[in-house]
Amino acid sequence: MEDILSSLSTYGYIVLFLYSIGGGMVALIAAGVLSYTGKMDLTTCLVVATVANTLGDSLLFYMGRYNKSVMMPYLKKHRRKVALAHLLLKKYGDKIIFIKKFIYGAKTLIPVVAGLTKYNIVKFNIINAISAALWALIIGGGSYMAGEFLIELTKSISSKPWIAPLTLFSVVGLLWWYMSYATKSKKSNRKNTLEE
């Protein structure tokens, strides 16, 4: 039994690393809860998530900087979202590198757009590493401290299975609506203003 728990913890760190390269918020919350129950080590989880998240965003930055030809077909399909990411980068500057770690959708675009611009590579990597550490500490540490609540919430959701899909569809719907609203063209906004 101890060997199984040991290997589960080992694979858990690998899963956390791979998942954190592309975001990893859910995996980090799960790792925090598993740390609360004693099945994983919180410090190791925070370090793994920080390193993976830093590497993932740095990779996106370098792809934007040095592989524009590979990125362009994807970016052409999402011109408005790229424009929104560029505006956020100009408006909030360095702060957006931290903020975007908590915003679904912006997580991928901000590093790519920063890479496409003349944003300083060293500055991006330093801010990105600090932001990843803070992100891991806030999400992982928060889920560790709220471990009992999250376990009870999971039990409650498992007893009422309709809650999880309803919550998921609501969150996805709100994010889709916001992205559609935020990236709406100025032309359609002017048209609606003139009609009123």
# chains A, B, ... in the order shown; residues from 1 in each chain; ligands from 1
>>> residues_around(residues="A:Val48", least_positions_apart="4", cutoff="7 Å", atoms="only C-alpha atoms", output="list in words")
Phe17, Thr44 and Ala52 of chain A
>>> select_by_dssp(residues="stretch 63-129 of chain A", states="helix (DSSP H, G or I)", output="ChimeraX atom specification")
/A:63-66,68-77,79-92,95-102,106-116,121-129
>>> closest_residue(among="A:Gly24, A:Ser180, A:Lys95, A:Phe169", to="A:Phe124", atoms="only C-alpha atoms")
A:Lys95
>>> residues_around(residues="stretch 72-86 of chain A", least_positions_apart="6", cutoff="7 Å", atoms="only C-alpha atoms", output="list in words")
Ala106, Leu109, Ile110, Val113 and Thr183 of chain A
>>> write_last_selection(atoms="C-alpha atoms", output="tab-separated table (two decimals), in the first residue's frame")
chain	number	residue	atom	x	y	z
A	106	ALA	CA	-5.25	35.44	-21.76
A	109	LEU	CA	-2.06	35.06	-25.77
A	110	ILE	CA	-0.21	37.54	-23.54
A	113	VAL	CA	1.91	38.89	-28.05
A	183	THR	CA	-13.30	41.77	-28.86
>>> closest_residue(among="A:Tyr36, A:Ala136, A:Thr167, A:Asn128", to="A:Leu59", atoms="only C-alpha atoms")
A:Asn128
>>> atom_distance(atom1="atom CA of A:Gly64", atom2="atom CA of A:Thr117")
8.5 Å
>>> residues_around(residues="A:Leu134", least_positions_apart="3", cutoff="12 Å", atoms="only C-alpha atoms", output="PyMOL selection string")
chain A and resi 46-47+49-51+53-54+97-99+101-102+127-131+137-142
>>> write_last_selection(atoms="C-alpha atoms", output="tab-separated table (two decimals), in the first residue's frame")
chain	number	residue	atom	x	y	z
A	46	LEU	CA	4.69	24.73	-5.35
A	47	VAL	CA	8.21	24.38	-6.77
A	49	ALA	CA	4.16	24.24	-10.53
A	50	THR	CA	6.35	27.37	-10.49
A	51	VAL	CA	9.07	25.85	-12.67
A	53	ASN	CA	4.48	27.48	-15.43
A	54	THR	CA	7.58	29.62	-15.94
A	97	ILE	CA	2.06	39.20	-16.96
A	98	PHE	CA	0.97	38.43	-13.39
A	99	ILE	CA	-2.75	39.10	-13.86
A	101	LYS	CA	-2.08	33.81	-14.91
A	102	PHE	CA	-5.57	33.97	-13.39
A	127	ILE	CA	8.61	39.00	-14.17
A	128	ASN	CA	7.28	35.68	-15.45
A	129	ALA	CA	9.25	33.67	-12.86
A	130	ILE	CA	8.16	35.92	-9.98
A	131	SER	CA	4.56	35.84	-11.21
A	137	LEU	CA	1.74	30.25	-3.73
A	138	ILE	CA	-1.71	31.86	-4.00
A	139	ILE	CA	-3.48	28.94	-5.71
A	140	GLY	CA	-1.55	26.04	-4.14
A	141	GLY	CA	-1.28	27.58	-0.68
A	142	GLY	CA	-4.90	28.74	-0.80
>>> closest_residue(among="A:Leu34, A:Cys45, A:Val112, A:Met25", to="A:Asn67", atoms="only C-alpha atoms")
A:Val112
>>> atom_distance(atom1="atom CA of A:Ile121", atom2="atom CA of A:Ser20")
21.2 Å
>>> decode(residues="stretch 38-79 of chain A", atoms="N, CA and C atoms", output="short mmCIF file (atom, residue, chain, number, x, y, z; two decimals), in the first residue's frame")
data_model
loop_
_atom_site.label_atom_id
_atom_site.label_comp_id
_atom_site.auth_asym_id
_atom_site.auth_seq_id
_atom_site.Cartn_x
_atom_site.Cartn_y
_atom_site.Cartn_z
N GLY A 38 -2.03 14.93 3.10
CA GLY A 38 -0.77 14.27 3.39
C GLY A 38 -0.26 13.36 2.29
N LYS A 39 -0.92 13.33 1.14
CA LYS A 39 -0.50 12.44 0.05
C LYS A 39 0.56 13.06 -0.84
N MET A 40 0.73 14.36 -0.77
CA MET A 40 1.78 15.05 -1.53
C MET A 40 2.43 16.08 -0.61
N ASP A 41 3.60 16.55 -1.00
CA ASP A 41 4.30 17.58 -0.22
C ASP A 41 4.01 18.94 -0.84
N LEU A 42 3.52 19.87 -0.03
CA LEU A 42 3.11 21.18 -0.54
C LEU A 42 4.28 21.95 -1.14
N THR A 43 5.42 21.97 -0.47
CA THR A 43 6.58 22.72 -0.97
C THR A 43 7.01 22.19 -2.33
N THR A 44 7.07 20.87 -2.47
CA THR A 44 7.45 20.27 -3.76
C THR A 44 6.43 20.63 -4.83
N CYS A 45 5.15 20.59 -4.48
CA CYS A 45 4.09 20.96 -5.44
C CYS A 45 4.26 22.41 -5.92
N LEU A 46 4.53 23.32 -4.98
CA LEU A 46 4.69 24.73 -5.35
C LEU A 46 5.90 24.94 -6.24
N VAL A 47 6.99 24.26 -5.95
CA VAL A 47 8.21 24.38 -6.77
C VAL A 47 7.97 23.81 -8.17
N VAL A 48 7.36 22.63 -8.24
CA VAL A 48 7.08 21.99 -9.53
C VAL A 48 6.17 22.88 -10.38
N ALA A 49 5.10 23.39 -9.78
CA ALA A 49 4.16 24.24 -10.53
C ALA A 49 4.82 25.53 -10.98
N THR A 50 5.65 26.13 -10.13
CA THR A 50 6.35 27.37 -10.49
C THR A 50 7.28 27.16 -11.67
N VAL A 51 8.10 26.12 -11.59
CA VAL A 51 9.07 25.85 -12.67
C VAL A 51 8.34 25.56 -13.98
N ALA A 52 7.32 24.70 -13.93
CA ALA A 52 6.59 24.33 -15.15
C ALA A 52 5.87 25.52 -15.76
N ASN A 53 5.22 26.32 -14.92
CA ASN A 53 4.48 27.48 -15.43
C ASN A 53 5.43 28.50 -16.04
N THR A 54 6.57 28.71 -15.41
CA THR A 54 7.58 29.62 -15.94
C THR A 54 8.07 29.13 -17.30
N LEU A 55 8.37 27.84 -17.40
CA LEU A 55 8.84 27.28 -18.67
C LEU A 55 7.78 27.40 -19.77
N GLY A 56 6.53 27.11 -19.43
CA GLY A 56 5.45 27.17 -20.41
C GLY A 56 5.27 28.56 -20.99
N ASP A 57 5.23 29.58 -20.13
CA ASP A 57 5.05 30.94 -20.62
C ASP A 57 6.28 31.44 -21.37
N SER A 58 7.47 31.05 -20.91
CA SER A 58 8.69 31.44 -21.62
C SER A 58 8.73 30.81 -23.00
N LEU A 59 8.28 29.56 -23.11
CA LEU A 59 8.22 28.90 -24.41
C LEU A 59 7.27 29.65 -25.35
N LEU A 60 6.12 30.05 -24.85
CA LEU A 60 5.18 30.82 -25.68
C LEU A 60 5.79 32.15 -26.12
N PHE A 61 6.50 32.81 -25.20
CA PHE A 61 7.17 34.07 -25.52
C PHE A 61 8.18 33.87 -26.64
N TYR A 62 9.02 32.84 -26.52
CA TYR A 62 10.04 32.57 -27.53
C TYR A 62 9.43 32.14 -28.86
N MET A 63 8.31 31.44 -28.82
CA MET A 63 7.62 31.09 -30.07
C MET A 63 7.12 32.35 -30.77
N GLY A 64 6.59 33.28 -30.00
CA GLY A 64 6.15 34.55 -30.59
C GLY A 64 7.31 35.36 -31.13
N ARG A 65 8.43 35.30 -30.47
CA ARG A 65 9.60 36.09 -30.87
C ARG A 65 10.33 35.49 -32.06
N TYR A 66 10.55 34.16 -32.02
CA TYR A 66 11.45 33.55 -33.00
C TYR A 66 10.77 32.62 -34.01
N ASN A 67 9.51 32.31 -33.81
CA ASN A 67 8.79 31.43 -34.74
C ASN A 67 7.48 32.06 -35.19
N LYS A 68 7.55 33.29 -35.64
CA LYS A 68 6.35 34.01 -36.05
C LYS A 68 5.63 33.28 -37.17
N SER A 69 6.38 32.67 -38.08
CA SER A 69 5.75 31.98 -39.21
C SER A 69 4.90 30.81 -38.75
N VAL A 70 5.32 30.14 -37.67
CA VAL A 70 4.53 29.03 -37.13
C VAL A 70 3.28 29.55 -36.42
N MET A 71 3.40 30.70 -35.77
CA MET A 71 2.30 31.25 -34.98
C MET A 71 1.26 31.98 -35.82
N MET A 72 1.66 32.52 -36.96
CA MET A 72 0.76 33.38 -37.74
C MET A 72 -0.55 32.72 -38.16
N PRO A 73 -0.58 31.47 -38.64
CA PRO A 73 -1.88 30.88 -39.01
C PRO A 73 -2.85 30.85 -37.82
N TYR A 74 -2.34 30.55 -36.63
CA TYR A 74 -3.19 30.54 -35.44
C TYR A 74 -3.65 31.96 -35.09
N LEU A 75 -2.72 32.90 -35.15
CA LEU A 75 -3.03 34.28 -34.76
C LEU A 75 -4.00 34.95 -35.73
N LYS A 76 -3.95 34.59 -37.01
CA LYS A 76 -4.88 35.19 -37.99
C LYS A 76 -6.32 34.84 -37.66
N LYS A 77 -6.53 33.65 -37.12
CA LYS A 77 -7.89 33.22 -36.76
C LYS A 77 -8.42 33.98 -35.54
N HIS A 78 -7.52 34.54 -34.75
CA HIS A 78 -7.89 35.19 -33.49
C HIS A 78 -7.39 36.63 -33.45
N ARG A 79 -7.55 37.34 -34.55
CA ARG A 79 -7.02 38.70 -34.63
C ARG A 79 -7.54 39.63 -33.54
#
